[in-house]
Amino acid sequence: MQPSAPLRRAATLAATALAVVTAVALTPLSADASADRPAKAMGPANFRFDDAPLASTMASLNASEPIPGTAWVPDPRVNKVVVTADPTVTEEKLAKLNALLKPLGDTVRLERTTSELKLYLSGGDGIYGSDASSIPARCSVGFNVKRPGKPDAFLTAGHCGNLTKSWSTTEAGPEVAHVPSGGSSFPGNDYAIAEYTATVDHPSAMNLHNGSFQAITSAREAVLNEHVQRSGITTGLHSGKVTGLNATVNYKEGQVTGLVQTDVCSEPGDSGGALFAGTAAIGLTSGGNGDCTTGAITYYQPVTEALSAFGATIP
């Protein structure tokens with residue numbers, strides 16, 4: 001049976017993937033909030049570096065001063081850490097990057113991209129900053145979650161949760177969910193939780209953008225080369241494979257580590273949404289480069305880390 005209009009809206013609320021901010025600049029977490037952020041794991045437990053030099057290279061790169069527009073990920077296929085630099089990495093930034101990479105020798109390989117690396121923030125339908133918010137923001141939910149003794153909630157991107165704490169299903173509408181104190185982590189991580197404050201249907205299901213929905217019943221870590229899907233309000237449903245684990249991305253707004261890299265395309269507006277494989281939740285869309293016409297690299301916050309941080313489970 002096709003869901004009713006309210007249920008379709010609720011399922012879209014529960015499953016679509018969009019993050020949009022209009023004329024609002026991202027700002028880092030305060031020093032106090034950063035101190036409360038859970039420690040970042042080195043990466044999914046099912047991934048192991050091929051050898052010690054790669055682990056040492058990743059540690060050196062992660063300890064360096066971030067260069068916006070760059071990213072790196074260990075690639076066991078070539079037994080190197082692949083470093084990418086977008087078109088904004090020129091002149092002084094490029095000289096700084098080259099100086100960083102030179103002592104690392106053959107353990108790194110530098111690649112250039114033709115599109116800018118960024119958080120996916122722009123137009124589309126989704127959840128809006130409520131009438132209680134002064135920020136004209138909109139974002140999408142990744143996954144609905146439950147926590148013992150606490151209100152039901154949804155996960156989204158941390159750069160969404162930093163910007164707006166109060167969310168509605170309509171622009172400047174009544175609040176339906178609120179990000180609690182300590183409920184958003186970016187940079188470093190990129191996840192947030194918003195607790196439902198109103199009666200809204202929120203099934204654990206993924207909008208497939210074809211009139212149907214995929215149940216989500218569990219969560220796990222990504223597996224290298226596995227087939228995955230991403231649901232986003234801007235570009236709908238797209239699929240591809242996991243191309244890297246434990247990636248570090250240097251957005252101009254800050255560095256995020258321990259991300260999943262994929263060749264699934266995304267575009268501005270897909271941030272905060274869901275990466276999944278069958279009925280399993282995998283990640284939350286963080287950012288990337290490219291588009292769904294020419295192809296893209298997209299990075300995801302592992303959902304297992306977000307669940308652990310908030311003591312939450314997939315229903």
# chains A, B, ... in the order shown; residues from 1 in each chain; ligands from 1
$ residues_around --residues "A:Ala306" --least-positions-apart "5" --cutoff "10 Å" --atoms "only C-alpha atoms" --output "list in words"
Pro38, Leu155, Thr156, Ala157, Gly158, Ser184, Ser185, Asn189, Asp190, Tyr191, Ala192, Ile193, Gly283, Leu284, Gln301, Gly311, Ala312 and Thr313 of chain A
$ residues_around --residues "A:Ala52" --least-positions-apart "3" --cutoff "12 Å" --atoms "only C-alpha atoms" --output "JSON list (two decimals) with all heavy atoms, in the first residue's frame"
[["chain", "number", "residue", "atom", "x", "y", "z"],
["A", 48, "ARG", "N", 42.88, -2.61, 7.86],
["A", 48, "ARG", "CA", 44.22, -2.63, 8.41],
["A", 48, "ARG", "C", 45.18, -2.08, 7.36],
["A", 48, "ARG", "O", 45.06, -2.37, 6.17],
["A", 48, "ARG", "CB", 44.65, -4.06, 8.77],
["A", 48, "ARG", "CG", 43.82, -4.66, 9.90],
["A", 48, "ARG", "CD", 44.09, -3.97, 11.22],
["A", 48, "ARG", "NE", 43.35, -4.58, 12.31],
["A", 48, "ARG", "CZ", 42.14, -4.21, 12.68],
["A", 48, "ARG", "NH1", 41.52, -3.24, 12.03],
["A", 48, "ARG", "NH2", 41.52, -4.80, 13.68],
["A", 49, "PHE", "N", 46.14, -1.23, 7.79],
["A", 49, "PHE", "CA", 47.14, -0.74, 6.87],
["A", 49, "PHE", "C", 47.98, -1.91, 6.36],
["A", 49, "PHE", "O", 48.20, -2.88, 7.05],
["A", 49, "PHE", "CB", 48.04, 0.28, 7.55],
["A", 49, "PHE", "CG", 47.35, 1.55, 7.92],
["A", 49, "PHE", "CD1", 47.13, 1.89, 9.23],
["A", 49, "PHE", "CD2", 46.91, 2.42, 6.93],
["A", 49, "PHE", "CE1", 46.49, 3.06, 9.57],
["A", 49, "PHE", "CE2", 46.28, 3.60, 7.25],
["A", 49, "PHE", "CZ", 46.05, 3.93, 8.58],
["A", 55, "ALA", "N", 50.87, 3.64, 7.93],
["A", 55, "ALA", "CA", 50.34, 4.13, 9.19],
["A", 55, "ALA", "C", 51.10, 5.37, 9.64],
["A", 55, "ALA", "O", 50.52, 6.35, 10.11],
["A", 55, "ALA", "CB", 50.41, 3.05, 10.26],
["A", 56, "SER", "N", 52.42, 5.35, 9.48],
["A", 56, "SER", "CA", 53.25, 6.49, 9.86],
["A", 56, "SER", "C", 52.94, 7.69, 8.98],
["A", 56, "SER", "O", 52.90, 8.84, 9.45],
["A", 56, "SER", "CB", 54.73, 6.11, 9.74],
["A", 56, "SER", "OG", 55.56, 7.22, 10.04],
["A", 57, "THR", "N", 52.71, 7.44, 7.69],
["A", 57, "THR", "CA", 52.39, 8.54, 6.77],
["A", 57, "THR", "C", 51.07, 9.19, 7.14],
["A", 57, "THR", "O", 50.95, 10.42, 7.18],
["A", 57, "THR", "CB", 52.34, 8.01, 5.33],
["A", 57, "THR", "OG1", 53.64, 7.59, 4.95],
["A", 57, "THR", "CG2", 51.86, 9.10, 4.36],
["A", 58, "MET", "N", 50.05, 8.38, 7.43],
["A", 58, "MET", "CA", 48.76, 8.94, 7.83],
["A", 58, "MET", "C", 48.90, 9.74, 9.11],
["A", 58, "MET", "O", 48.32, 10.84, 9.25],
["A", 58, "MET", "CB", 47.74, 7.82, 8.02],
["A", 58, "MET", "CG", 47.17, 7.23, 6.73],
["A", 58, "MET", "SD", 46.18, 8.41, 5.77],
["A", 58, "MET", "CE", 44.77, 8.66, 6.85],
["A", 59, "ALA", "N", 49.67, 9.25, 10.05],
["A", 59, "ALA", "CA", 49.85, 9.96, 11.31],
["A", 59, "ALA", "C", 50.55, 11.30, 11.07],
["A", 59, "ALA", "O", 50.17, 12.32, 11.67],
["A", 59, "ALA", "CB", 50.67, 9.10, 12.28],
["A", 74, "PRO", "N", 44.40, 6.06, 2.83],
["A", 74, "PRO", "CA", 45.26, 4.92, 2.48],
["A", 74, "PRO", "C", 44.60, 4.06, 1.42],
["A", 74, "PRO", "O", 43.41, 3.74, 1.53],
["A", 74, "PRO", "CB", 45.42, 4.16, 3.80],
["A", 74, "PRO", "CG", 44.24, 4.57, 4.62],
["A", 74, "PRO", "CD", 43.89, 5.96, 4.21],
["A", 79, "ASN", "N", 49.21, 0.51, -2.28],
["A", 79, "ASN", "CA", 50.05, 0.53, -1.08],
["A", 79, "ASN", "C", 50.66, 1.91, -0.86],
["A", 79, "ASN", "O", 51.84, 2.04, -0.51],
["A", 79, "ASN", "CB", 51.14, -0.53, -1.16],
["A", 79, "ASN", "CG", 51.68, -0.85, 0.23],
["A", 79, "ASN", "OD1", 50.96, -0.79, 1.22],
["A", 79, "ASN", "ND2", 52.95, -1.20, 0.30],
["A", 80, "LYS", "N", 49.84, 2.94, -1.05],
["A", 80, "LYS", "CA", 50.25, 4.31, -0.82],
["A", 80, "LYS", "C", 49.10, 5.07, -0.16],
["A", 80, "LYS", "O", 47.95, 4.63, -0.17],
["A", 80, "LYS", "CB", 50.61, 5.02, -2.13],
["A", 80, "LYS", "CG", 51.82, 4.47, -2.87],
["A", 80, "LYS", "CD", 52.05, 5.24, -4.16],
["A", 80, "LYS", "CE", 53.19, 4.63, -4.96],
["A", 80, "LYS", "NZ", 54.50, 4.80, -4.30],
["A", 81, "VAL", "N", 49.42, 6.21, 0.42],
["A", 81, "VAL", "CA", 48.40, 7.15, 0.85],
["A", 81, "VAL", "C", 48.16, 8.10, -0.30],
["A", 81, "VAL", "O", 49.08, 8.81, -0.73],
["A", 81, "VAL", "CB", 48.83, 7.92, 2.11],
["A", 81, "VAL", "CG1", 47.82, 9.01, 2.44],
["A", 81, "VAL", "CG2", 48.98, 6.97, 3.29],
["A", 107, "THR", "N", 55.65, 6.81, -0.14],
["A", 107, "THR", "CA", 54.45, 6.36, 0.57],
["A", 107, "THR", "C", 53.23, 7.19, 0.21],
["A", 107, "THR", "O", 52.12, 6.85, 0.62],
["A", 107, "THR", "CB", 54.65, 6.42, 2.09],
["A", 107, "THR", "OG1", 54.87, 7.78, 2.50],
["A", 107, "THR", "CG2", 55.81, 5.54, 2.52]]
$ select_by_dssp --residues "stretch 157-276 of chain A" --states "helix (DSSP H, G or I)" --output "CSV table (one decimal) with C-alpha atoms, in the first residue's frame"
chain,number,residue,atom,x,y,z
A,158,GLY,CA,27.5,17.8,12.6
A,159,HIS,CA,28.0,20.9,10.4
A,160,CYS,CA,24.1,21.0,10.2
A,161,GLY,CA,23.8,20.6,14.0
A,162,ASN,CA,26.3,23.4,14.6
A,163,LEU,CA,24.3,25.9,12.5
$ residues_around --residues "A:Ala280" --least-positions-apart "3" --cutoff "6 Å" --atoms "only C-alpha atoms" --output "PDB file with all heavy atoms, in the first residue's frame"
ATOM      1  N   ILE A 216      15.456   0.128   7.301  1.00  0.00           N
ATOM      2  CA  ILE A 216      16.801   0.132   7.873  1.00  0.00           C
ATOM      3  C   ILE A 216      16.710  -0.515   9.251  1.00  0.00           C
ATOM      4  O   ILE A 216      16.006  -0.022  10.133  1.00  0.00           O
ATOM      5  CB  ILE A 216      17.366   1.552   7.991  1.00  0.00           C
ATOM      6  CG1 ILE A 216      17.442   2.219   6.614  1.00  0.00           C
ATOM      7  CG2 ILE A 216      18.739   1.530   8.649  1.00  0.00           C
ATOM      8  CD1 ILE A 216      18.381   1.537   5.633  1.00  0.00           C
ATOM      9  N   SER A 218      19.650  -2.136  10.946  1.00  0.00           N
ATOM     10  CA  SER A 218      20.904  -2.331  11.665  1.00  0.00           C
ATOM     11  C   SER A 218      21.912  -1.286  11.223  1.00  0.00           C
ATOM     12  O   SER A 218      21.649  -0.491  10.310  1.00  0.00           O
ATOM     13  CB  SER A 218      21.463  -3.740  11.400  1.00  0.00           C
ATOM     14  OG  SER A 218      21.792  -3.888  10.020  1.00  0.00           O
ATOM     15  N   ALA A 219      23.066  -1.297  11.851  1.00  0.00           N
ATOM     16  CA  ALA A 219      24.159  -0.395  11.476  1.00  0.00           C
ATOM     17  C   ALA A 219      25.472  -1.161  11.557  1.00  0.00           C
ATOM     18  O   ALA A 219      25.646  -2.039  12.401  1.00  0.00           O
ATOM     19  CB  ALA A 219      24.200   0.806  12.405  1.00  0.00           C
ATOM     20  N   PHE A 276      23.930   3.724   2.828  1.00  0.00           N
ATOM     21  CA  PHE A 276      23.443   2.450   3.348  1.00  0.00           C
ATOM     22  C   PHE A 276      23.719   1.332   2.358  1.00  0.00           C
ATOM     23  O   PHE A 276      23.995   1.561   1.175  1.00  0.00           O
ATOM     24  CB  PHE A 276      21.943   2.536   3.662  1.00  0.00           C
ATOM     25  CG  PHE A 276      21.064   2.840   2.479  1.00  0.00           C
ATOM     26  CD1 PHE A 276      20.326   1.836   1.848  1.00  0.00           C
ATOM     27  CD2 PHE A 276      20.948   4.131   1.979  1.00  0.00           C
ATOM     28  CE1 PHE A 276      19.506   2.109   0.759  1.00  0.00           C
ATOM     29  CE2 PHE A 276      20.125   4.426   0.892  1.00  0.00           C
ATOM     30  CZ  PHE A 276      19.405   3.409   0.283  1.00  0.00           C
ATOM     31  N   ALA A 277      23.640   0.097   2.858  1.00  0.00           N
ATOM     32  CA  ALA A 277      23.803  -1.102   2.045  1.00  0.00           C
ATOM     33  C   ALA A 277      22.706  -2.067   2.439  1.00  0.00           C
ATOM     34  O   ALA A 277      22.737  -2.618   3.542  1.00  0.00           O
ATOM     35  CB  ALA A 277      25.180  -1.719   2.250  1.00  0.00           C
TER      36      ALA A 277
END
$ select_by_dssp --residues "stretch 126-182 of chain A" --states "strand (DSSP E)" --output "list in words"
Ile127, Tyr128, Gly129, Ala137, Arg138, Cys139, Phe143, Asn144, Val145, Ala153, Phe154, Leu155, Thr156, Ser166, Trp167, Ser168, Ala177 and His178 of chain A
$ write_last_selection --atoms "N, CA and C atoms" --output "PDB file, in the first residue's frame"
ATOM      1  N   ILE A 127      14.470  19.706   5.834  1.00  0.00           N
ATOM      2  CA  ILE A 127      14.074  20.197   7.142  1.00  0.00           C
ATOM      3  C   ILE A 127      14.635  21.595   7.304  1.00  0.00           C
ATOM      4  N   TYR A 128      13.811  22.477   7.856  1.00  0.00           N
ATOM      5  CA  TYR A 128      14.171  23.887   7.932  1.00  0.00           C
ATOM      6  C   TYR A 128      14.431  24.334   9.364  1.00  0.00           C
ATOM      7  N   GLY A 129      15.234  25.397   9.480  1.00  0.00           N
ATOM      8  CA  GLY A 129      15.320  26.069  10.758  1.00  0.00           C
ATOM      9  C   GLY A 129      13.927  26.507  11.174  1.00  0.00           C
ATOM     10  N   ALA A 137      18.356  27.937   7.852  1.00  0.00           N
ATOM     11  CA  ALA A 137      19.059  26.733   7.417  1.00  0.00           C
ATOM     12  C   ALA A 137      18.080  25.626   7.080  1.00  0.00           C
ATOM     13  N   ARG A 138      18.515  24.696   6.261  1.00  0.00           N
ATOM     14  CA  ARG A 138      17.752  23.479   6.015  1.00  0.00           C
ATOM     15  C   ARG A 138      18.707  22.311   5.814  1.00  0.00           C
ATOM     16  N   CYS A 139      18.299  21.153   6.277  1.00  0.00           N
ATOM     17  CA  CYS A 139      19.161  19.976   6.302  1.00  0.00           C
ATOM     18  C   CYS A 139      18.289  18.730   6.233  1.00  0.00           C
ATOM     19  N   PHE A 143      19.408   9.019   9.678  1.00  0.00           N
ATOM     20  CA  PHE A 143      18.731   7.837  10.197  1.00  0.00           C
ATOM     21  C   PHE A 143      18.003   8.170  11.494  1.00  0.00           C
ATOM     22  N   ASN A 144      16.843   7.560  11.680  1.00  0.00           N
ATOM     23  CA  ASN A 144      16.149   7.646  12.958  1.00  0.00           C
ATOM     24  C   ASN A 144      16.798   6.682  13.949  1.00  0.00           C
ATOM     25  N   VAL A 145      16.861   7.112  15.226  1.00  0.00           N
ATOM     26  CA  VAL A 145      17.522   6.292  16.247  1.00  0.00           C
ATOM     27  C   VAL A 145      16.717   6.314  17.540  1.00  0.00           C
ATOM     28  N   ALA A 153      15.081  10.174  18.207  1.00  0.00           N
ATOM     29  CA  ALA A 153      15.865  11.234  17.593  1.00  0.00           C
ATOM     30  C   ALA A 153      16.297  10.818  16.194  1.00  0.00           C
ATOM     31  N   PHE A 154      16.934  11.751  15.485  1.00  0.00           N
ATOM     32  CA  PHE A 154      17.538  11.403  14.208  1.00  0.00           C
ATOM     33  C   PHE A 154      18.974  11.905  14.172  1.00  0.00           C
ATOM     34  N   LEU A 155      19.788  11.236  13.346  1.00  0.00           N
ATOM     35  CA  LEU A 155      21.167  11.638  13.121  1.00  0.00           C
ATOM     36  C   LEU A 155      21.265  12.438  11.832  1.00  0.00           C
ATOM     37  N   THR A 156      22.160  13.409  11.828  1.00  0.00           N
ATOM     38  CA  THR A 156      22.457  14.174  10.632  1.00  0.00           C
ATOM     39  C   THR A 156      23.912  14.615  10.717  1.00  0.00           C
ATOM     40  N   SER A 166      17.221  24.103  16.225  1.00  0.00           N
ATOM     41  CA  SER A 166      15.780  23.877  16.195  1.00  0.00           C
ATOM     42  C   SER A 166      15.317  23.642  14.765  1.00  0.00           C
ATOM     43  N   TRP A 167      14.593  22.514  14.543  1.00  0.00           N
ATOM     44  CA  TRP A 167      14.229  22.108  13.184  1.00  0.00           C
ATOM     45  C   TRP A 167      12.713  21.967  13.022  1.00  0.00           C
ATOM     46  N   SER A 168      12.253  22.249  11.807  1.00  0.00           N
ATOM     47  CA  SER A 168      10.835  22.134  11.454  1.00  0.00           C
ATOM     48  C   SER A 168      10.709  21.422  10.116  1.00  0.00           C
ATOM     49  N   ALA A 177      11.983  19.038  16.130  1.00  0.00           N
ATOM     50  CA  ALA A 177      13.168  18.381  16.688  1.00  0.00           C
ATOM     51  C   ALA A 177      14.178  19.439  17.119  1.00  0.00           C
ATOM     52  N   HIS A 178      14.993  19.081  18.123  1.00  0.00           N
ATOM     53  CA  HIS A 178      15.944  20.031  18.670  1.00  0.00           C
ATOM     54  C   HIS A 178      17.258  19.322  18.986  1.00  0.00           C
TER      55      HIS A 178
END
$ residues_around --residues "A:Leu208" --least-positions-apart "2" --cutoff "8 Å" --atoms "only C-alpha atoms" --output "list in words"
Met206, Asn210, Gly211, Ser212, Phe213, Gln214, Ser231, Gly236 and Leu237 of chain A
$ residues_around --residues "A:Leu97" --least-positions-apart "3" --cutoff "12 Å" --atoms "only C-alpha atoms" --output "count of residues only"
29
$ decode --residues "stretch 216-244 of chain A" --atoms "N, CA and C atoms" --output "tab-separated table (two decimals), in the first residue's frame"
chain	number	residue	atom	x	y	z
A	216	ILE	N	15.46	0.13	7.30
A	216	ILE	CA	16.80	0.13	7.87
A	216	ILE	C	16.71	-0.51	9.25
A	217	THR	N	17.40	-1.64	9.43
A	217	THR	CA	17.22	-2.44	10.64
A	217	THR	C	18.49	-2.60	11.47
A	218	SER	N	19.65	-2.14	10.95
A	218	SER	CA	20.90	-2.33	11.67
A	218	SER	C	21.91	-1.29	11.22
A	219	ALA	N	23.07	-1.30	11.85
A	219	ALA	CA	24.16	-0.40	11.48
A	219	ALA	C	25.47	-1.16	11.56
A	220	ARG	N	26.39	-0.83	10.67
A	220	ARG	CA	27.71	-1.47	10.68
A	220	ARG	C	28.71	-0.55	10.00
A	221	GLU	N	29.98	-0.97	10.06
A	221	GLU	CA	31.05	-0.22	9.42
A	221	GLU	C	31.12	-0.56	7.93
A	222	ALA	N	31.70	0.35	7.16
A	222	ALA	CA	31.85	0.13	5.73
A	222	ALA	C	32.92	-0.91	5.45
A	223	VAL	N	32.81	-1.56	4.31
A	223	VAL	CA	33.78	-2.56	3.86
A	223	VAL	C	34.34	-2.08	2.52
A	224	LEU	N	35.65	-2.10	2.39
A	224	LEU	CA	36.29	-1.64	1.17
A	224	LEU	C	35.78	-2.40	-0.05
A	225	ASN	N	35.42	-1.65	-1.09
A	225	ASN	CA	34.94	-2.17	-2.39
A	225	ASN	C	33.50	-2.68	-2.36
A	226	GLU	N	32.79	-2.56	-1.23
A	226	GLU	CA	31.40	-3.02	-1.22
A	226	GLU	C	30.49	-2.06	-1.97
A	227	HIS	N	29.36	-2.58	-2.45
A	227	HIS	CA	28.35	-1.79	-3.13
A	227	HIS	C	27.48	-1.08	-2.09
A	228	VAL	N	27.27	0.23	-2.29
A	228	VAL	CA	26.49	1.03	-1.35
A	228	VAL	C	25.56	1.95	-2.13
A	229	GLN	N	24.59	2.52	-1.41
A	229	GLN	CA	23.67	3.49	-1.99
A	229	GLN	C	23.60	4.73	-1.11
A	230	ARG	N	23.30	5.85	-1.74
A	230	ARG	CA	23.14	7.10	-1.01
A	230	ARG	C	21.82	7.74	-1.42
A	231	SER	N	21.04	8.16	-0.42
A	231	SER	CA	19.77	8.82	-0.67
A	231	SER	C	19.92	10.30	-0.35
A	232	GLY	N	19.63	11.15	-1.34
A	232	GLY	CA	19.77	12.59	-1.15
A	232	GLY	C	18.63	13.35	-1.77
A	233	ILE	N	18.18	14.42	-1.12
A	233	ILE	CA	17.05	15.17	-1.61
A	233	ILE	C	17.37	15.91	-2.90
A	234	THR	N	18.62	16.29	-3.11
A	234	THR	CA	18.98	17.02	-4.33
A	234	THR	C	19.08	16.09	-5.52
A	235	THR	N	19.75	14.97	-5.34
A	235	THR	CA	20.05	14.09	-6.48
A	235	THR	C	19.36	12.74	-6.41
A	236	GLY	N	18.54	12.51	-5.39
A	236	GLY	CA	17.80	11.26	-5.30
A	236	GLY	C	18.68	10.10	-4.87
A	237	LEU	N	18.43	8.94	-5.44
A	237	LEU	CA	19.14	7.72	-5.07
A	237	LEU	C	20.26	7.45	-6.07
A	238	HIS	N	21.47	7.25	-5.55
A	238	HIS	CA	22.61	6.89	-6.39
A	238	HIS	C	23.40	5.79	-5.71
A	239	SER	N	24.13	5.04	-6.51
A	239	SER	CA	24.87	3.90	-5.97
A	239	SER	C	26.30	3.90	-6.49
A	240	GLY	N	27.13	3.12	-5.83
A	240	GLY	CA	28.52	2.99	-6.22
A	240	GLY	C	29.22	2.07	-5.25
A	241	LYS	N	30.51	2.31	-5.02
A	241	LYS	CA	31.26	1.44	-4.11
A	241	LYS	C	32.13	2.25	-3.16
A	242	VAL	N	32.52	1.60	-2.08
A	242	VAL	CA	33.44	2.18	-1.11
A	242	VAL	C	34.84	2.10	-1.69
A	243	THR	N	35.52	3.24	-1.82
A	243	THR	CA	36.85	3.28	-2.42
A	243	THR	C	37.96	3.55	-1.41
A	244	GLY	N	37.60	3.88	-0.17
A	244	GLY	CA	38.63	4.13	0.83
A	244	GLY	C	38.05	4.21	2.23
